[in-house]
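Visitor: Input structure: data20.cif, which contains mmCIF, C-alpha atoms.
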data_protein
#
loop_
_atom_site.label_atom_id
_atom_site.label_comp_id
_atom_site.auth_asym_id
_atom_site.auth_seq_id
_atom_site.Cartn_x
_atom_site.Cartn_y
_atom_site.Cartn_z
CA MET Y 1383 88.90 -5.20 89.66
CA ILE Y 1384 88.33 -7.78 92.38
CA LEU Y 1385 85.30 -9.88 91.61
CA LYS Y 1386 83.66 -11.65 94.52
CA ILE Y 1387 81.22 -14.47 93.87
CA SER Y 1388 79.60 -13.85 97.27
CA GLU Y 1389 78.80 -10.27 96.22
CA VAL Y 1390 77.41 -11.11 92.77
CA LEU Y 1391 75.24 -13.99 94.00
CA LYS Y 1392 72.13 -12.63 95.69
CA PRO Y 1393 70.13 -14.56 98.34
CA GLU Y 1394 67.01 -14.31 96.16
CA ALA Y 1395 68.87 -16.10 93.35
CA ILE Y 1396 69.35 -19.21 95.47
CA ILE Y 1397 67.01 -22.21 95.30
CA MET Y 1398 67.66 -24.54 98.22
CA LYS Y 1399 65.56 -27.40 96.87
CA MET Y 1400 65.13 -27.72 93.14
CA LYS Y 1401 61.87 -29.36 91.99
CA SER Y 1402 62.84 -30.23 88.42
CA LYS Y 1403 64.74 -33.41 87.65
CA GLU Y 1404 65.75 -33.03 84.03
CA LYS Y 1405 68.44 -30.66 82.69
CA ILE Y 1406 66.33 -28.38 80.48
CA ALA Y 1407 63.54 -28.24 83.08
CA VAL Y 1408 66.13 -27.33 85.72
CA LEU Y 1409 67.41 -24.47 83.56
CA LYS Y 1410 63.85 -23.27 83.05
CA GLU Y 1411 63.12 -23.40 86.78
CA LEU Y 1412 66.27 -21.40 87.50
CA VAL Y 1413 65.54 -18.81 84.81
CA ASP Y 1414 61.89 -18.47 85.89
CA HIS Y 1415 63.03 -17.96 89.46
CA MET Y 1416 65.41 -15.21 88.32
CA VAL Y 1417 62.71 -13.53 86.25
CA ASP Y 1418 60.28 -13.68 89.22
CA ASN Y 1419 62.90 -11.99 91.37
CA GLU Y 1420 63.59 -9.35 88.70
CA LEU Y 1421 67.18 -10.49 88.20
CA VAL Y 1422 66.62 -11.20 84.49
CA GLU Y 1423 64.37 -9.33 82.06
CA ASP Y 1424 64.13 -11.58 79.01
CA GLY Y 1425 63.74 -15.08 80.44
CA GLU Y 1426 62.88 -16.72 77.13
CA GLU Y 1427 65.98 -15.40 75.37
CA PHE Y 1428 68.13 -16.28 78.37
CA GLN Y 1429 66.88 -19.84 78.38
CA LYS Y 1430 67.52 -20.16 74.65
CA ALA Y 1431 71.15 -19.04 75.14
CA LEU Y 1432 71.65 -21.58 77.93
CA ALA Y 1433 70.07 -24.42 75.96
CA LYS Y 1434 72.22 -23.58 72.91
CA ARG Y 1435 75.33 -23.87 75.06
CA GLU Y 1436 74.15 -27.13 76.63
CA ASN Y 1437 73.56 -28.61 73.18
CA LEU Y 1438 77.16 -27.95 72.21
CA GLU Y 1439 78.81 -29.22 75.36
CA SER Y 1440 78.04 -30.44 78.80
CA THR Y 1441 78.43 -27.98 81.65
CA GLY Y 1442 78.51 -30.79 84.19
CA ILE Y 1443 82.11 -30.55 85.40
CA GLY Y 1444 82.09 -33.63 87.61
CA ASP Y 1445 82.09 -34.13 91.40
CA GLY Y 1446 78.36 -33.36 91.47
CA ILE Y 1447 78.76 -29.87 90.02
CA ALA Y 1448 77.24 -28.19 86.97
CA ILE Y 1449 77.95 -24.63 85.84
CA PRO Y 1450 75.57 -23.77 83.00
CA HIS Y 1451 76.73 -20.48 81.51
CA ALA Y 1452 76.16 -18.16 78.59
CA ARG Y 1453 76.93 -14.70 77.31
CA THR Y 1454 73.69 -13.12 76.22
CA ASP Y 1455 72.13 -9.68 76.05
CA ALA Y 1456 69.08 -11.15 77.75
CA VAL Y 1457 70.82 -10.09 80.97
CA LYS Y 1458 71.89 -6.54 81.79
CA GLY Y 1459 74.90 -7.37 83.95
CA LEU Y 1460 76.80 -10.31 85.41
CA VAL Y 1461 74.26 -12.57 87.09
CA LEU Y 1462 74.65 -15.69 89.15
CA ALA Y 1463 72.16 -18.18 90.51
CA PHE Y 1464 72.52 -21.32 92.57
CA ALA Y 1465 70.28 -24.34 92.98
CA ARG Y 1466 70.61 -27.53 94.94
CA SER Y 1467 69.10 -30.81 93.86
CA GLU Y 1468 68.73 -33.68 96.32
CA GLN Y 1469 68.25 -36.39 93.71
CA GLY Y 1470 70.79 -34.90 91.32
CA VAL Y 1471 70.40 -33.90 87.67
CA ASP Y 1472 72.04 -35.49 84.65
CA PHE Y 1473 74.21 -32.76 83.12
CA SER Y 1474 76.21 -35.37 81.15
CA ALA Y 1475 79.18 -34.79 83.43
CA ILE Y 1476 82.46 -36.34 82.34
CA ASP Y 1477 82.52 -38.57 85.46
CA GLY Y 1478 78.95 -39.75 84.77
CA LYS Y 1479 77.71 -38.54 88.16
CA PRO Y 1480 74.53 -36.49 88.61
CA SER Y 1481 74.92 -32.82 89.55
CA HIS Y 1482 73.63 -31.77 92.97
CA LEU Y 1483 75.10 -28.26 93.05
CA ILE Y 1484 74.14 -26.12 90.07
CA PHE Y 1485 75.59 -22.65 89.54
CA LEU Y 1486 74.30 -20.58 86.65
CA ILE Y 1487 76.39 -17.69 85.28
CA ALA Y 1488 75.48 -15.21 82.58
CA SER Y 1489 76.67 -11.86 81.39
CA PRO Y 1490 75.99 -9.51 78.48
CA VAL Y 1491 77.93 -10.32 75.31
CA ASP Y 1492 80.30 -7.36 75.69
CA ARG Y 1493 81.39 -8.20 79.25
CA LYS Y 1494 83.57 -11.16 78.42
CA SER Y 1495 86.43 -10.60 80.88
CA GLU Y 1496 84.12 -10.28 83.88
CA TYR Y 1497 82.25 -13.40 82.76
CA ILE Y 1498 85.44 -15.44 82.31
CA MET Y 1499 86.73 -14.25 85.67
CA ALA Y 1500 83.51 -15.32 87.42
CA LEU Y 1501 83.64 -18.75 85.79
CA ALA Y 1502 87.29 -19.16 86.78
CA LYS Y 1503 86.74 -18.11 90.40
CA LEU Y 1504 83.75 -20.35 90.81
CA SER Y 1505 85.53 -23.33 89.24
CA ARG Y 1506 88.50 -22.89 91.57
CA LEU Y 1507 86.24 -22.57 94.60
CA LEU Y 1508 84.26 -25.71 93.75
CA ARG Y 1509 87.37 -27.85 93.34
CA LYS Y 1510 87.62 -27.89 97.13
CA GLN Y 1511 85.87 -30.96 98.48
CA GLU Y 1512 85.17 -29.24 101.81
CA VAL Y 1513 83.35 -26.38 100.05
CA ARG Y 1514 81.18 -28.85 98.12
CA ARG Y 1515 80.32 -30.69 101.34
CA LEU Y 1516 79.41 -27.46 103.17
CA LEU Y 1517 77.24 -26.26 100.28
CA LYS Y 1518 75.37 -29.57 100.28
CA ASP Y 1519 74.73 -29.33 104.04
CA ALA Y 1520 73.82 -25.62 104.28
CA ASP Y 1521 70.34 -24.80 105.60
CA ASN Y 1522 69.56 -21.47 103.99
CA PRO Y 1523 70.72 -18.95 101.34
CA ASN Y 1524 72.64 -16.81 103.83
CA GLU Y 1525 74.61 -19.83 104.94
CA ILE Y 1526 75.44 -20.59 101.29
CA LEU Y 1527 76.70 -17.02 100.84
CA ASN Y 1528 78.77 -17.18 104.04
CA ILE Y 1529 80.44 -20.42 102.91
CA ILE Y 1530 81.35 -18.87 99.59
CA LYS Y 1531 82.54 -15.63 101.21
CA LYS Y 1532 84.74 -17.44 103.72
CA ASN Y 1533 86.31 -19.69 101.12
CA GLU Y 1534 86.96 -17.15 98.40
CA GLU Y 1535 88.96 -14.86 100.71
CA MET I 1377 95.84 -40.94 61.89
CA LYS I 1378 92.56 -40.70 63.78
CA LEU I 1379 91.52 -37.40 65.28
CA LYS I 1380 88.23 -37.96 67.02
CA LYS I 1381 89.22 -36.93 70.52
CA ALA I 1382 92.13 -34.56 70.91
CA ILE I 1383 93.61 -33.16 74.09
CA PHE I 1384 95.25 -29.75 74.16
CA VAL I 1385 97.61 -29.57 77.12
CA LEU I 1386 98.61 -26.25 78.67
CA THR I 1387 101.24 -25.91 81.39
CA ASP I 1388 101.18 -22.12 81.40
CA SER I 1389 98.57 -19.50 80.53
CA ASN I 1390 100.85 -18.29 77.69
CA ASP I 1391 100.18 -21.61 75.90
CA GLN I 1392 96.70 -20.24 75.23
CA HIS I 1393 98.16 -18.30 72.27
CA VAL I 1394 98.28 -21.48 70.18
CA ALA I 1395 94.76 -22.55 71.14
CA GLU I 1396 93.37 -21.19 67.87
CA SER I 1397 95.37 -23.80 65.93
CA ALA I 1398 94.08 -26.56 68.22
CA ILE I 1399 90.50 -25.37 67.68
CA GLN I 1400 90.92 -25.17 63.89
CA LEU I 1401 92.36 -28.69 63.76
CA CYS I 1402 89.41 -30.02 65.75
CA LYS I 1403 86.99 -28.14 63.53
CA LYS I 1404 88.57 -29.64 60.40
CA PHE I 1405 88.45 -33.19 61.74
CA LYS I 1406 85.15 -32.74 63.63
CA SER I 1407 86.89 -33.79 66.86
CA LYS I 1408 85.98 -33.25 70.46
CA LEU I 1409 88.58 -31.08 72.18
CA PHE I 1410 89.64 -31.84 75.74
CA VAL I 1411 91.48 -28.87 77.19
CA LEU I 1412 93.72 -29.67 80.14
CA PHE I 1413 95.63 -27.11 82.19
CA ILE I 1414 98.31 -28.71 84.35
CA ILE I 1415 99.95 -26.98 87.31
CA GLU I 1416 103.13 -28.97 87.42
CA THR I 1417 104.52 -30.28 90.70
CA GLY I 1418 107.21 -27.95 91.96
CA ARG I 1419 106.06 -24.91 89.95
CA ILE I 1420 104.39 -23.17 92.90
CA SER I 1421 107.34 -23.68 95.27
CA ARG I 1422 109.80 -22.54 92.58
CA LEU I 1423 107.77 -19.38 91.98
CA ALA I 1424 107.42 -18.78 95.71
CA ARG I 1425 111.21 -18.89 96.11
CA LEU I 1426 111.73 -16.55 93.16
CA THR I 1427 109.06 -14.01 94.04
CA GLN I 1428 109.12 -14.26 97.86
CA LYS I 1429 105.34 -14.62 97.74
CA LYS I 1430 103.32 -17.08 99.78
CA SER I 1431 102.59 -20.43 98.12
CA ASP I 1432 98.87 -20.24 98.93
CA MET I 1433 98.51 -16.89 97.18
CA LEU I 1434 100.46 -18.09 94.16
CA ARG I 1435 98.39 -21.26 93.92
CA LYS I 1436 95.15 -19.25 93.91
CA LYS I 1437 96.53 -16.90 91.27
CA ILE I 1438 97.78 -19.68 89.00
CA GLU I 1439 94.55 -21.68 89.38
CA ASP I 1440 92.52 -18.59 88.51
CA GLU I 1441 94.72 -17.96 85.46
CA GLY I 1442 94.39 -21.61 84.47
CA TRP I 1443 90.61 -21.58 84.63
CA GLN I 1444 90.49 -18.29 82.78
CA SER I 1445 92.62 -19.77 79.98
CA LEU I 1446 90.30 -22.79 79.83
CA TYR I 1447 87.11 -20.73 79.63
CA LEU I 1448 88.61 -18.35 77.06
CA ILE I 1449 89.46 -21.35 74.87
CA GLU I 1450 85.95 -22.73 75.37
CA ASP I 1451 84.50 -19.36 74.36
CA GLU I 1452 86.56 -19.36 71.13
CA ALA I 1453 85.76 -23.01 70.40
CA ASP I 1454 82.05 -22.32 70.79
CA LYS I 1455 82.18 -19.80 67.96
CA THR I 1456 83.45 -22.47 65.59
CA GLY I 1457 81.11 -25.19 66.87
CA VAL I 1458 83.89 -27.29 68.41
CA SER I 1459 82.81 -29.16 71.53
CA THR I 1460 85.15 -28.87 74.52
CA SER I 1461 85.65 -30.46 77.89
CA LEU I 1462 87.66 -28.41 80.41
CA HIS I 1463 90.00 -29.78 83.08
CA LEU I 1464 92.55 -28.45 85.55
CA GLU I 1465 94.93 -30.75 87.41
CA ASN I 1466 97.95 -30.55 89.71
CA GLY I 1467 100.83 -32.99 89.33
CA PHE I 1468 103.35 -34.38 86.88
CA ALA I 1469 102.38 -33.57 83.28
CA THR I 1470 103.42 -36.93 81.81
CA THR I 1471 101.44 -38.90 84.43
CA ILE I 1472 98.33 -36.75 84.12
CA VAL I 1473 98.32 -36.79 80.32
CA LYS I 1474 98.65 -40.59 80.32
CA LYS I 1475 95.70 -40.81 82.74
CA TYR I 1476 93.52 -38.68 80.45
CA VAL I 1477 94.57 -40.50 77.27
CA ASP I 1478 93.64 -43.83 78.88
CA ALA I 1479 90.45 -42.68 80.59
CA TYR I 1480 88.88 -40.88 77.65
CA ASN I 1481 90.37 -42.78 74.68
CA ILE I 1482 92.19 -39.70 73.45
CA ASP I 1483 93.82 -40.29 70.07
CA THR I 1484 95.89 -37.11 69.56
CA LEU I 1485 97.86 -34.87 71.86
CA LEU I 1486 98.20 -31.16 71.02
CA VAL I 1487 100.87 -29.12 72.80
CA LYS I 1488 102.74 -25.88 72.39
CA ARG I 1489 106.34 -26.55 71.26
CA LYS I 1490 108.65 -25.44 74.06
CA ASN I 1491 111.38 -26.90 76.27
CA GLU I 1492 108.95 -27.83 79.04
CA THR I 1493 106.80 -29.96 76.73
CA LYS I 1494 109.61 -32.03 75.17
CA LYS I 1495 108.92 -34.77 77.73
CA LEU I 1496 105.33 -35.03 76.48
CA PHE I 1497 106.50 -35.65 72.90
CA VAL I 1498 108.83 -38.40 74.11
CA SER I 1499 106.51 -40.12 76.56
CA SER I 1500 103.19 -39.96 74.71
CA MET I 1501 101.55 -43.20 73.60
CA VAL I 1502 99.45 -41.34 71.01
CA PRO I 1503 100.59 -39.04 68.17
CA VAL I 1504 101.58 -35.55 69.27
CA ILE I 1505 101.10 -32.41 67.20
CA GLY I 1506 103.34 -29.51 68.23
CA LEU I 1507 101.68 -26.13 67.81
#
Please, can you express the file's structure as structure tokens?
Guide:
Amino acid sequence: MILKISEVLKPEAIIMKMKSKEKIAVLKELVDHMVDNELVEDGEEFQKALAKRENLESTGIGDGIAIPHARTDAVKGLVLAFARSEQGVDFSAIDGKPSHLIFLIASPVDRKSEYIMALAKLSRLLRKQEVRRLLKDADNPNEILNIIKKNEE
Amino acid sequence: MKLKKAIFVLTDSNDQHVAESAIQLCKKFKSKLFVLFIIETGRISRLARLTQKKSDMLRKKIEDEGWQSLYLIEDEADKTGVSTSLHLENGFATTIVKKYVDAYNIDTLLVKRKNETKKLFVSSMVPVIGL
């Protein structure tokens, strides 16, 4: 199975300018946005799963990136969302820098391999400095998707 | 011996098979577990020569495998309540490990016992546990 981030991430799951400034509020804004766009059914349960994970370890991976993630039956399939924060959000990243690019990944509990694969692909993609720069400068969701598509080929 | 911050170093996705021991050790000592996958300098070109595949394709494949190993370990560690920090680097294993030990005050190095990791046992400035 070839998993493509650009196919899993939907334009309606992209927030170009995040309003929230604090980690838990950011997660809530992302989850609410996904619920509003009918990408997630049980928003409350989903948020709980994400917060539980954040309490155990930081999902800020450095270089201005955070990838909050969880396996939870609050989602029916592999889901991805993306948000950009101008001021940056403290995800307790190992390099101490705020996160400006936030990717959220979740899958049902029994779809572990797909979930791990998505996390791996996204992490590899975001290691490229040029990709991070392009994502920061993009003007709209379709541009974000095109950048990902071009760079994951 | 202190064991507050341990680093488990992988140089191959097969090393993941001893991750359970690393996790259990960290659980017992209530340590934070850094998990570091290193793609050693020269590995991609060696593989490219052996397999006749393009270096770019091999790099993508090995990086994907590396990240998958890291996230699988994180998933297992989560179940036991062990906190992890995941990292993937390219370069010389001894140099990278030294950088991490210094930067994050790592007190114990955990590695799979194999020929390729002998140099880590010899060069490490902190105690090494072979798994």
Visitor: Between chain I and chain Y, at 7 Å or less, what are the per-residue closest atom pairs and their distances in Å? Count all atoms listed in the file, order by chain and rising residue number, and return it as JSON lines.
Guide:
{"residue": "I:Glu1439", "atom": "CA", "partner": "Y:Arg1506", "partner_atom": "CA", "distance": 6.5}
{"residue": "I:Asp1440", "atom": "CA", "partner": "Y:Ala1502", "partner_atom": "CA", "distance": 5.5}
{"residue": "I:Trp1443", "atom": "CA", "partner": "Y:Ala1502", "partner_atom": "CA", "distance": 4.6}
{"residue": "I:Gln1444", "atom": "CA", "partner": "Y:Ala1502", "partner_atom": "CA", "distance": 5.2}
{"residue": "I:Tyr1447", "atom": "CA", "partner": "Y:Ile1498", "partner_atom": "CA", "distance": 6.2}
{"residue": "I:Leu1448", "atom": "CA", "partner": "Y:Ile1498", "partner_atom": "CA", "distance": 6.8}
{"residue": "I:Ser1459", "atom": "CA", "partner": "Y:Glu1439", "partner_atom": "CA", "distance": 5.5}
{"residue": "I:Thr1460", "atom": "CA", "partner": "Y:Glu1439", "partner_atom": "CA", "distance": 6.4}
Visitor: On this file, the PyMOL selection byres ((chain I and resi 1501) around 12) gives some set of residues; write that set as a JSON list (two decimals) with C-alpha atoms, keeping the file's coordinate frame.
Guide:
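The resulting file, selection.json, is reproduced below:
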[["chain", "number", "residue", "atom", "x", "y", "z"],
["I", 1470, "THR", "CA", 103.42, -36.93, 81.81],
["I", 1471, "THR", "CA", 101.44, -38.90, 84.43],
["I", 1473, "VAL", "CA", 98.32, -36.79, 80.32],
["I", 1474, "LYS", "CA", 98.65, -40.59, 80.32],
["I", 1475, "LYS", "CA", 95.70, -40.81, 82.74],
["I", 1476, "TYR", "CA", 93.52, -38.68, 80.45],
["I", 1477, "VAL", "CA", 94.57, -40.50, 77.27],
["I", 1478, "ASP", "CA", 93.64, -43.83, 78.88],
["I", 1481, "ASN", "CA", 90.37, -42.78, 74.68],
["I", 1482, "ILE", "CA", 92.19, -39.70, 73.45],
["I", 1483, "ASP", "CA", 93.82, -40.29, 70.07],
["I", 1484, "THR", "CA", 95.89, -37.11, 69.56],
["I", 1485, "LEU", "CA", 97.86, -34.87, 71.86],
["I", 1495, "LYS", "CA", 108.92, -34.77, 77.73],
["I", 1496, "LEU", "CA", 105.33, -35.03, 76.48],
["I", 1497, "PHE", "CA", 106.50, -35.65, 72.90],
["I", 1498, "VAL", "CA", 108.83, -38.40, 74.11],
["I", 1499, "SER", "CA", 106.51, -40.12, 76.56],
["I", 1500, "SER", "CA", 103.19, -39.96, 74.71],
["I", 1502, "VAL", "CA", 99.45, -41.34, 71.01],
["I", 1503, "PRO", "CA", 100.59, -39.04, 68.17],
["I", 1504, "VAL", "CA", 101.58, -35.55, 69.27]]
Visitor: I'd like to see the residues matched by the PyMOL selection byres ((chain Y and resi 1387) around 12) on this file, and ideally I'd get them as an NGL selection string.
Guide: :Y and (1384-1386 or 1388-1393 or 1460-1464 or 1485-1487 or 1496-1497 or 1499-1508 or 1526-1535)
Visitor: Run through the PyMOL selection byres ((chain I and resi 1407) around 12) on the given coordinates and return the selected residues as a list in words.
Guide: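 Selection result, ordered by chain and number: Lys1378, Leu1379, Lys1380, Lys1381, Ala1382, Ile1383, Phe1384, Ala1398, Ile1399, Gln1400, Leu1401, Cys1402, Lys1403, Lys1404, Phe1405, Lys1406, Lys1408, Leu1409, Phe1410, Ala1453, Thr1456, Gly1457, Val1458, Ser1459, Thr1460, Ser1461, Ile1482, Asp1483 and Thr1484 of chain I.
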Visitor: In Å, rounded to a single decimal, give me how far CA of Ala1395 in chain Y is from CA of Ala1456 in chain Y.
Guide: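 Separation between CA of Ala1456 in chain Y and CA of Ala1395 in chain Y: 16.4 Å.
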Visitor: Set the distance at 12 Å and use only C-alpha atoms: which residues neighbour Arg1419 in chain I once local chain neighbours fewer than 3 positions away are removed? I'd like the list as a PDB file with C-alpha atoms, in the frame of the given file.
Guide:
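Ended up saving to around_35.pdb:
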ATOM      1  CA  THR I1387     101.240 -25.910  81.390  1.00  0.00           C
ATOM      2  CA  ASP I1388     101.180 -22.120  81.400  1.00  0.00           C
ATOM      3  CA  ILE I1414      98.310 -28.710  84.350  1.00  0.00           C
ATOM      4  CA  ILE I1415      99.950 -26.980  87.310  1.00  0.00           C
ATOM      5  CA  GLU I1416     103.130 -28.970  87.420  1.00  0.00           C
ATOM      6  CA  ARG I1422     109.800 -22.540  92.580  1.00  0.00           C
ATOM      7  CA  LEU I1423     107.770 -19.380  91.980  1.00  0.00           C
ATOM      8  CA  ALA I1424     107.420 -18.780  95.710  1.00  0.00           C
ATOM      9  CA  ARG I1425     111.210 -18.890  96.110  1.00  0.00           C
ATOM     10  CA  LEU I1426     111.730 -16.550  93.160  1.00  0.00           C
ATOM     11  CA  SER I1431     102.590 -20.430  98.120  1.00  0.00           C
ATOM     12  CA  LEU I1434     100.460 -18.090  94.160  1.00  0.00           C
ATOM     13  CA  ARG I1435      98.390 -21.260  93.920  1.00  0.00           C
ATOM     14  CA  ILE I1438      97.780 -19.680  89.000  1.00  0.00           C
ATOM     15  CA  GLU I1439      94.550 -21.680  89.380  1.00  0.00           C
ATOM     16  CA  ASN I1466      97.950 -30.550  89.710  1.00  0.00           C
ATOM     17  CA  GLY I1467     100.830 -32.990  89.330  1.00  0.00           C
ATOM     18  CA  PHE I1468     103.350 -34.380  86.880  1.00  0.00           C
ATOM     19  CA  ALA I1469     102.380 -33.570  83.280  1.00  0.00           C
ATOM     20  CA  GLU I1492     108.950 -27.830  79.040  1.00  0.00           C
TER      21      GLU I1492
END
